[in-house]
>>> print(open('structure-v8.cif').read())   # mmCIF, N, CA and C atoms
data_query
#
loop_
_atom_site.label_atom_id
_atom_site.label_comp_id
_atom_site.auth_asym_id
_atom_site.auth_seq_id
_atom_site.Cartn_x
_atom_site.Cartn_y
_atom_site.Cartn_z
N MET D 1 14.74 -4.53 -32.66
CA MET D 1 15.30 -3.76 -31.59
C MET D 1 14.62 -2.38 -31.56
N ILE D 2 14.23 -1.97 -30.39
CA ILE D 2 13.57 -0.68 -30.24
C ILE D 2 14.59 0.34 -29.76
N THR D 3 14.68 1.44 -30.52
CA THR D 3 15.56 2.54 -30.14
C THR D 3 14.72 3.80 -29.98
N ILE D 4 15.34 4.83 -29.52
CA ILE D 4 14.63 6.10 -29.34
C ILE D 4 14.19 6.67 -30.69
N LEU D 5 14.85 6.28 -31.77
CA LEU D 5 14.53 6.79 -33.09
C LEU D 5 13.39 6.05 -33.78
N ASN D 6 13.13 4.80 -33.39
CA ASN D 6 12.11 4.03 -34.09
C ASN D 6 10.94 3.61 -33.20
N ARG D 7 10.82 4.21 -32.03
CA ARG D 7 9.76 3.82 -31.13
C ARG D 7 8.63 4.84 -31.12
N ARG D 8 7.49 4.39 -30.63
CA ARG D 8 6.33 5.27 -30.48
C ARG D 8 5.67 4.95 -29.14
N GLU D 9 5.24 5.98 -28.45
CA GLU D 9 4.61 5.80 -27.14
C GLU D 9 3.23 5.18 -27.33
N LEU D 10 3.04 4.00 -26.75
CA LEU D 10 1.77 3.30 -26.86
C LEU D 10 0.77 3.81 -25.83
N THR D 11 1.22 3.91 -24.59
CA THR D 11 0.33 4.36 -23.53
C THR D 11 1.13 4.83 -22.33
N VAL D 12 0.45 5.59 -21.48
CA VAL D 12 1.01 6.02 -20.21
C VAL D 12 -0.04 5.69 -19.15
N THR D 13 0.39 5.03 -18.08
CA THR D 13 -0.53 4.68 -17.02
C THR D 13 0.18 4.78 -15.67
N MET D 14 -0.62 4.93 -14.65
CA MET D 14 -0.08 4.94 -13.29
C MET D 14 -0.56 3.70 -12.52
N ASP D 15 -1.23 2.83 -13.23
CA ASP D 15 -1.81 1.62 -12.65
C ASP D 15 -0.88 0.43 -12.92
N MET D 16 -0.31 -0.13 -11.85
CA MET D 16 0.63 -1.23 -12.01
C MET D 16 -0.01 -2.44 -12.68
N LYS D 17 -1.24 -2.75 -12.31
CA LYS D 17 -1.92 -3.91 -12.90
C LYS D 17 -2.17 -3.67 -14.39
N ARG D 18 -2.57 -2.46 -14.76
CA ARG D 18 -2.83 -2.14 -16.16
C ARG D 18 -1.56 -2.30 -17.00
N GLN D 19 -0.45 -1.77 -16.50
CA GLN D 19 0.79 -1.91 -17.28
C GLN D 19 1.20 -3.37 -17.38
N SER D 20 0.96 -4.14 -16.34
CA SER D 20 1.28 -5.56 -16.37
C SER D 20 0.40 -6.29 -17.39
N ASP D 21 -0.88 -5.96 -17.42
CA ASP D 21 -1.79 -6.56 -18.40
C ASP D 21 -1.38 -6.22 -19.83
N ILE D 22 -1.02 -4.97 -20.06
CA ILE D 22 -0.59 -4.55 -21.40
C ILE D 22 0.68 -5.29 -21.81
N ARG D 23 1.63 -5.39 -20.91
CA ARG D 23 2.87 -6.10 -21.21
C ARG D 23 2.59 -7.57 -21.54
N HIS D 24 1.66 -8.17 -20.81
CA HIS D 24 1.28 -9.56 -21.05
C HIS D 24 0.67 -9.72 -22.45
N ILE D 25 -0.22 -8.82 -22.83
CA ILE D 25 -0.84 -8.86 -24.16
C ILE D 25 0.22 -8.71 -25.25
N LEU D 26 1.10 -7.75 -25.09
CA LEU D 26 2.14 -7.52 -26.10
C LEU D 26 3.06 -8.73 -26.23
N ALA D 27 3.45 -9.30 -25.10
CA ALA D 27 4.34 -10.47 -25.13
C ALA D 27 3.65 -11.66 -25.79
N ASN D 28 2.36 -11.86 -25.51
CA ASN D 28 1.62 -12.98 -26.11
C ASN D 28 1.47 -12.83 -27.61
N HIS D 29 1.57 -11.61 -28.13
CA HIS D 29 1.45 -11.38 -29.57
C HIS D 29 2.81 -11.05 -30.21
N SER D 30 3.88 -11.36 -29.49
CA SER D 30 5.26 -11.21 -29.99
C SER D 30 5.56 -9.79 -30.45
N ILE D 31 5.07 -8.82 -29.70
CA ILE D 31 5.36 -7.42 -29.98
C ILE D 31 6.39 -6.94 -28.95
N ASP D 32 7.54 -6.51 -29.46
CA ASP D 32 8.58 -5.99 -28.57
C ASP D 32 8.13 -4.66 -27.98
N TYR D 33 8.54 -4.42 -26.75
CA TYR D 33 8.16 -3.18 -26.07
C TYR D 33 9.24 -2.77 -25.09
N VAL D 34 9.19 -1.52 -24.69
CA VAL D 34 10.07 -0.97 -23.68
C VAL D 34 9.19 -0.23 -22.68
N VAL D 35 9.47 -0.41 -21.39
CA VAL D 35 8.72 0.29 -20.35
C VAL D 35 9.67 1.26 -19.66
N LYS D 36 9.26 2.51 -19.59
CA LYS D 36 10.02 3.51 -18.84
C LYS D 36 9.22 3.81 -17.58
N THR D 37 9.80 3.54 -16.43
CA THR D 37 9.13 3.75 -15.15
C THR D 37 9.73 4.97 -14.47
N THR D 38 8.85 5.86 -14.02
CA THR D 38 9.29 7.08 -13.34
C THR D 38 8.66 7.14 -11.96
N ASN D 39 9.50 7.30 -10.94
CA ASN D 39 9.02 7.49 -9.59
C ASN D 39 8.69 8.97 -9.44
N LEU D 40 7.41 9.29 -9.31
CA LEU D 40 6.99 10.68 -9.27
C LEU D 40 7.29 11.35 -7.94
N GLN D 41 7.70 10.59 -6.94
CA GLN D 41 8.03 11.17 -5.65
C GLN D 41 9.53 11.31 -5.44
N SER D 42 10.31 10.93 -6.43
CA SER D 42 11.76 11.03 -6.27
C SER D 42 12.18 12.49 -6.35
N ALA D 43 13.33 12.75 -5.84
CA ALA D 43 13.85 14.12 -5.84
C ALA D 43 14.20 14.55 -7.24
N SER D 44 13.86 15.77 -7.57
CA SER D 44 14.23 16.33 -8.86
C SER D 44 15.55 17.09 -8.71
N ALA D 45 16.00 17.67 -9.78
CA ALA D 45 17.24 18.44 -9.72
C ALA D 45 17.09 19.66 -8.80
N ALA D 46 15.87 20.18 -8.71
CA ALA D 46 15.63 21.35 -7.86
C ALA D 46 15.35 20.97 -6.42
N GLY D 47 15.28 19.67 -6.14
CA GLY D 47 14.99 19.22 -4.78
C GLY D 47 13.56 18.73 -4.67
N SER D 48 13.24 18.23 -3.52
CA SER D 48 11.92 17.67 -3.29
C SER D 48 11.42 18.08 -1.92
N SER D 49 10.12 18.28 -1.83
CA SER D 49 9.54 18.64 -0.53
C SER D 49 9.26 17.40 0.30
N ARG D 50 9.45 16.21 -0.29
CA ARG D 50 9.17 14.98 0.42
C ARG D 50 10.00 14.86 1.70
N GLY D 51 11.21 15.39 1.69
CA GLY D 51 12.07 15.35 2.87
C GLY D 51 11.49 16.13 4.03
N TYR D 52 10.71 17.13 3.71
CA TYR D 52 10.09 17.95 4.75
C TYR D 52 8.72 17.44 5.16
N THR D 53 7.96 16.94 4.18
CA THR D 53 6.58 16.56 4.45
C THR D 53 6.38 15.06 4.57
N GLY D 54 7.33 14.27 4.13
CA GLY D 54 7.14 12.82 4.13
C GLY D 54 6.17 12.43 3.03
N SER D 55 5.54 11.28 3.18
CA SER D 55 4.58 10.85 2.17
C SER D 55 3.16 10.83 2.72
N TRP D 56 2.95 11.53 3.82
CA TRP D 56 1.62 11.59 4.40
C TRP D 56 0.66 12.26 3.43
N GLY D 57 -0.48 11.63 3.22
CA GLY D 57 -1.50 12.20 2.35
C GLY D 57 -1.30 11.90 0.87
N ILE D 58 -0.25 11.20 0.52
CA ILE D 58 0.02 10.87 -0.88
C ILE D 58 -0.46 9.46 -1.14
N ASN D 59 -1.30 9.31 -2.15
CA ASN D 59 -1.80 7.99 -2.53
C ASN D 59 -0.67 7.21 -3.20
N GLN D 60 -0.20 6.18 -2.55
CA GLN D 60 0.94 5.40 -3.05
C GLN D 60 0.61 4.65 -4.34
N ASP D 61 -0.69 4.48 -4.66
CA ASP D 61 -1.07 3.84 -5.92
C ASP D 61 -0.68 4.69 -7.12
N TYR D 62 -0.41 5.96 -6.91
CA TYR D 62 -0.07 6.87 -7.99
C TYR D 62 1.35 7.42 -7.85
N SER D 63 2.23 6.63 -7.31
CA SER D 63 3.61 7.05 -7.11
C SER D 63 4.48 6.83 -8.34
N TYR D 64 4.07 5.93 -9.22
CA TYR D 64 4.87 5.59 -10.39
C TYR D 64 4.09 5.82 -11.67
N GLU D 65 4.81 6.26 -12.68
CA GLU D 65 4.24 6.44 -14.01
C GLU D 65 4.93 5.44 -14.93
N TYR D 66 4.15 4.73 -15.71
CA TYR D 66 4.67 3.72 -16.63
C TYR D 66 4.38 4.17 -18.07
N LYS D 67 5.43 4.38 -18.85
CA LYS D 67 5.28 4.70 -20.27
C LYS D 67 5.71 3.46 -21.04
N ILE D 68 4.83 3.01 -21.90
CA ILE D 68 5.11 1.80 -22.69
C ILE D 68 5.30 2.21 -24.15
N PHE D 69 6.44 1.83 -24.70
CA PHE D 69 6.79 2.15 -26.08
C PHE D 69 6.86 0.86 -26.90
N VAL D 70 6.46 0.96 -28.16
CA VAL D 70 6.59 -0.15 -29.11
C VAL D 70 7.27 0.39 -30.36
N HIS D 71 7.73 -0.53 -31.21
CA HIS D 71 8.31 -0.12 -32.48
C HIS D 71 7.21 0.56 -33.28
N LYS D 72 7.57 1.63 -34.00
CA LYS D 72 6.56 2.41 -34.72
C LYS D 72 5.81 1.56 -35.76
N ASN D 73 6.44 0.51 -36.28
CA ASN D 73 5.75 -0.38 -37.23
C ASN D 73 4.72 -1.27 -36.55
N ASP D 74 4.83 -1.46 -35.24
CA ASP D 74 3.89 -2.31 -34.50
C ASP D 74 2.82 -1.49 -33.78
N TYR D 75 2.88 -0.17 -33.89
CA TYR D 75 2.01 0.69 -33.09
C TYR D 75 0.52 0.43 -33.32
N GLN D 76 0.07 0.42 -34.57
CA GLN D 76 -1.36 0.24 -34.84
C GLN D 76 -1.88 -1.10 -34.35
N ARG D 77 -1.12 -2.13 -34.57
CA ARG D 77 -1.51 -3.47 -34.11
C ARG D 77 -1.57 -3.51 -32.58
N ALA D 78 -0.57 -2.96 -31.93
CA ALA D 78 -0.53 -2.95 -30.47
C ALA D 78 -1.68 -2.13 -29.90
N LYS D 79 -1.96 -0.98 -30.51
CA LYS D 79 -3.05 -0.11 -30.04
C LYS D 79 -4.38 -0.83 -30.11
N SER D 80 -4.61 -1.57 -31.19
CA SER D 80 -5.88 -2.28 -31.34
C SER D 80 -5.98 -3.45 -30.36
N LEU D 81 -4.85 -4.07 -30.01
CA LEU D 81 -4.85 -5.17 -29.07
C LEU D 81 -5.17 -4.75 -27.64
N ILE D 82 -4.69 -3.57 -27.25
CA ILE D 82 -4.91 -3.15 -25.87
C ILE D 82 -6.22 -2.38 -25.71
N GLY D 83 -6.84 -2.04 -26.84
CA GLY D 83 -8.15 -1.37 -26.78
C GLY D 83 -8.00 0.05 -26.47
#
>>> encode(input="structure-v8.cif", output="structure tokens")
Amino acid sequence: MITILNRRELTVTMDMKRQSDIRHILANHSIDYVVKTTNLQSASAAGSSRGYTGSWGINQDYSYEYKIFVHKNDYQRAKSLIG
């Protein structure tokens, strides 16, 4: 079981295909993982200018950030598997 106390950040990417490939590699090697997805265009506590400007000019390929965590004991093995 991966908790906030025993996990380590394996990688951060904004590429949906890359995070999918990494998850596939980890699953094939029986390495547990957790993915934290953040919508970078969502409103923050201070508000967002998106309501005023819309999403014009924003590359939608970079709208989400994916952080992949593994158990700290699996970190070195996972890091070597994903290159």
>>> atom_distance(input="structure-v8.cif", atom1="CA of Asp74 (chain D)", atom2="CA of Asp15 (chain D)")
22.9 Å
>>> closest_residue(input="structure-v8.cif", among="D:Leu40, D:Asp32, D:Leu26, D:Ser20", to="Asn73 (chain D)", atoms="only C-alpha atoms")
D:Asp32
>>> atom_distance(input="structure-v8.cif", atom1="CA of Lys72 (chain D)", atom2="CA of Leu5 (chain D)")
9.2 Å
>>> resolve_selection(input="structure-v8.cif", expression="the PyMOL selection byres ((chain D and resi 66) around 7)", output="ChimeraX atom specification")
/D:11-15,19,35-38,64-65,67-68
>>> closest_residue(input="structure-v8.cif", among="D:Ile25, D:Leu10, D:Ile4, D:Met16", to="Leu81 (chain D)", atoms="only N, CA and C atoms")
D:Ile25
>>> residues_around(input="structure-v8.cif", residues="Tyr33 (chain D)", least_positions_apart="5", cutoff="6 Å", atoms="all atoms listed in the file", output="PyMOL selection string")
chain D and resi 69-71
>>> atom_distance(input="structure-v8.cif", atom1="CA of Met1 (chain D)", atom2="CA of Ile31 (chain D)")
10.7 Å
>>> build_atoms(input="structure-v8.cif", residues="region 12-23 of chain D", atoms="all heavy atoms", output="short mmCIF file (atom, residue, chain, number, x, y, z; two decimals), keeping the file's coordinate frame")
data_model
loop_
_atom_site.label_atom_id
_atom_site.label_comp_id
_atom_site.auth_asym_id
_atom_site.auth_seq_id
_atom_site.Cartn_x
_atom_site.Cartn_y
_atom_site.Cartn_z
N VAL D 12 0.45 5.59 -21.48
CA VAL D 12 1.01 6.02 -20.21
C VAL D 12 -0.04 5.69 -19.15
O VAL D 12 -1.22 5.98 -19.33
CB VAL D 12 1.28 7.55 -20.17
CG1 VAL D 12 1.79 7.97 -18.81
CG2 VAL D 12 2.25 7.94 -21.25
N THR D 13 0.39 5.03 -18.08
CA THR D 13 -0.53 4.68 -17.02
C THR D 13 0.18 4.78 -15.67
O THR D 13 1.39 4.73 -15.60
CB THR D 13 -1.10 3.25 -17.21
OG1 THR D 13 -2.07 2.98 -16.19
CG2 THR D 13 -0.02 2.20 -17.17
N MET D 14 -0.62 4.93 -14.65
CA MET D 14 -0.08 4.94 -13.29
C MET D 14 -0.56 3.70 -12.52
O MET D 14 -0.29 3.57 -11.34
CB MET D 14 -0.51 6.21 -12.57
CG MET D 14 0.07 7.46 -13.22
SD MET D 14 -0.52 8.96 -12.49
CE MET D 14 0.78 9.23 -11.30
N ASP D 15 -1.23 2.83 -13.23
CA ASP D 15 -1.81 1.62 -12.65
C ASP D 15 -0.88 0.43 -12.92
O ASP D 15 -0.70 0.02 -14.07
CB ASP D 15 -3.18 1.39 -13.28
CG ASP D 15 -3.93 0.21 -12.70
OD1 ASP D 15 -3.34 -0.60 -11.95
OD2 ASP D 15 -5.13 0.08 -13.01
N MET D 16 -0.31 -0.13 -11.85
CA MET D 16 0.63 -1.23 -12.01
C MET D 16 -0.01 -2.44 -12.68
O MET D 16 0.59 -3.09 -13.53
CB MET D 16 1.23 -1.64 -10.67
CG MET D 16 2.27 -2.74 -10.80
SD MET D 16 2.93 -3.32 -9.25
CE MET D 16 4.04 -2.01 -8.87
N LYS D 17 -1.24 -2.75 -12.31
CA LYS D 17 -1.92 -3.91 -12.90
C LYS D 17 -2.17 -3.67 -14.39
O LYS D 17 -1.99 -4.57 -15.21
CB LYS D 17 -3.23 -4.20 -12.19
CG LYS D 17 -3.97 -5.38 -12.81
CD LYS D 17 -5.04 -5.92 -11.94
CE LYS D 17 -5.83 -7.06 -12.53
NZ LYS D 17 -5.37 -7.70 -13.73
N ARG D 18 -2.57 -2.46 -14.76
CA ARG D 18 -2.83 -2.14 -16.16
C ARG D 18 -1.56 -2.30 -17.00
O ARG D 18 -1.59 -2.89 -18.07
CB ARG D 18 -3.39 -0.72 -16.28
CG ARG D 18 -3.58 -0.23 -17.70
CD ARG D 18 -4.80 -0.81 -18.35
NE ARG D 18 -4.96 -0.23 -19.67
CZ ARG D 18 -5.29 -0.92 -20.75
NH1 ARG D 18 -5.55 -2.20 -20.65
NH2 ARG D 18 -5.40 -0.33 -21.91
N GLN D 19 -0.45 -1.77 -16.50
CA GLN D 19 0.79 -1.91 -17.28
C GLN D 19 1.20 -3.37 -17.38
O GLN D 19 1.70 -3.81 -18.40
CB GLN D 19 1.91 -1.02 -16.74
CG GLN D 19 2.47 -1.36 -15.39
CD GLN D 19 3.62 -2.35 -15.40
OE1 GLN D 19 4.27 -2.58 -16.40
NE2 GLN D 19 3.86 -2.94 -14.26
N SER D 20 0.96 -4.14 -16.34
CA SER D 20 1.28 -5.56 -16.37
C SER D 20 0.40 -6.29 -17.39
O SER D 20 0.89 -7.14 -18.14
CB SER D 20 1.08 -6.16 -14.98
OG SER D 20 1.28 -7.55 -15.00
N ASP D 21 -0.88 -5.96 -17.42
CA ASP D 21 -1.79 -6.56 -18.40
C ASP D 21 -1.38 -6.22 -19.83
O ASP D 21 -1.40 -7.09 -20.71
CB ASP D 21 -3.24 -6.10 -18.15
CG ASP D 21 -3.82 -6.63 -16.85
OD1 ASP D 21 -3.25 -7.60 -16.28
OD2 ASP D 21 -4.84 -6.09 -16.39
N ILE D 22 -1.02 -4.97 -20.06
CA ILE D 22 -0.59 -4.55 -21.40
C ILE D 22 0.68 -5.29 -21.81
O ILE D 22 0.79 -5.78 -22.93
CB ILE D 22 -0.39 -3.03 -21.45
CG1 ILE D 22 -1.74 -2.32 -21.33
CG2 ILE D 22 0.33 -2.61 -22.74
CD1 ILE D 22 -1.64 -0.83 -21.12
N ARG D 23 1.63 -5.39 -20.91
CA ARG D 23 2.87 -6.10 -21.21
C ARG D 23 2.59 -7.57 -21.54
O ARG D 23 3.21 -8.14 -22.43
CB ARG D 23 3.84 -5.99 -20.04
CG ARG D 23 4.35 -4.57 -19.87
CD ARG D 23 5.16 -4.38 -18.61
NE ARG D 23 6.27 -5.31 -18.57
CZ ARG D 23 6.89 -5.66 -17.46
NH1 ARG D 23 6.51 -5.18 -16.29
NH2 ARG D 23 7.90 -6.49 -17.50
#
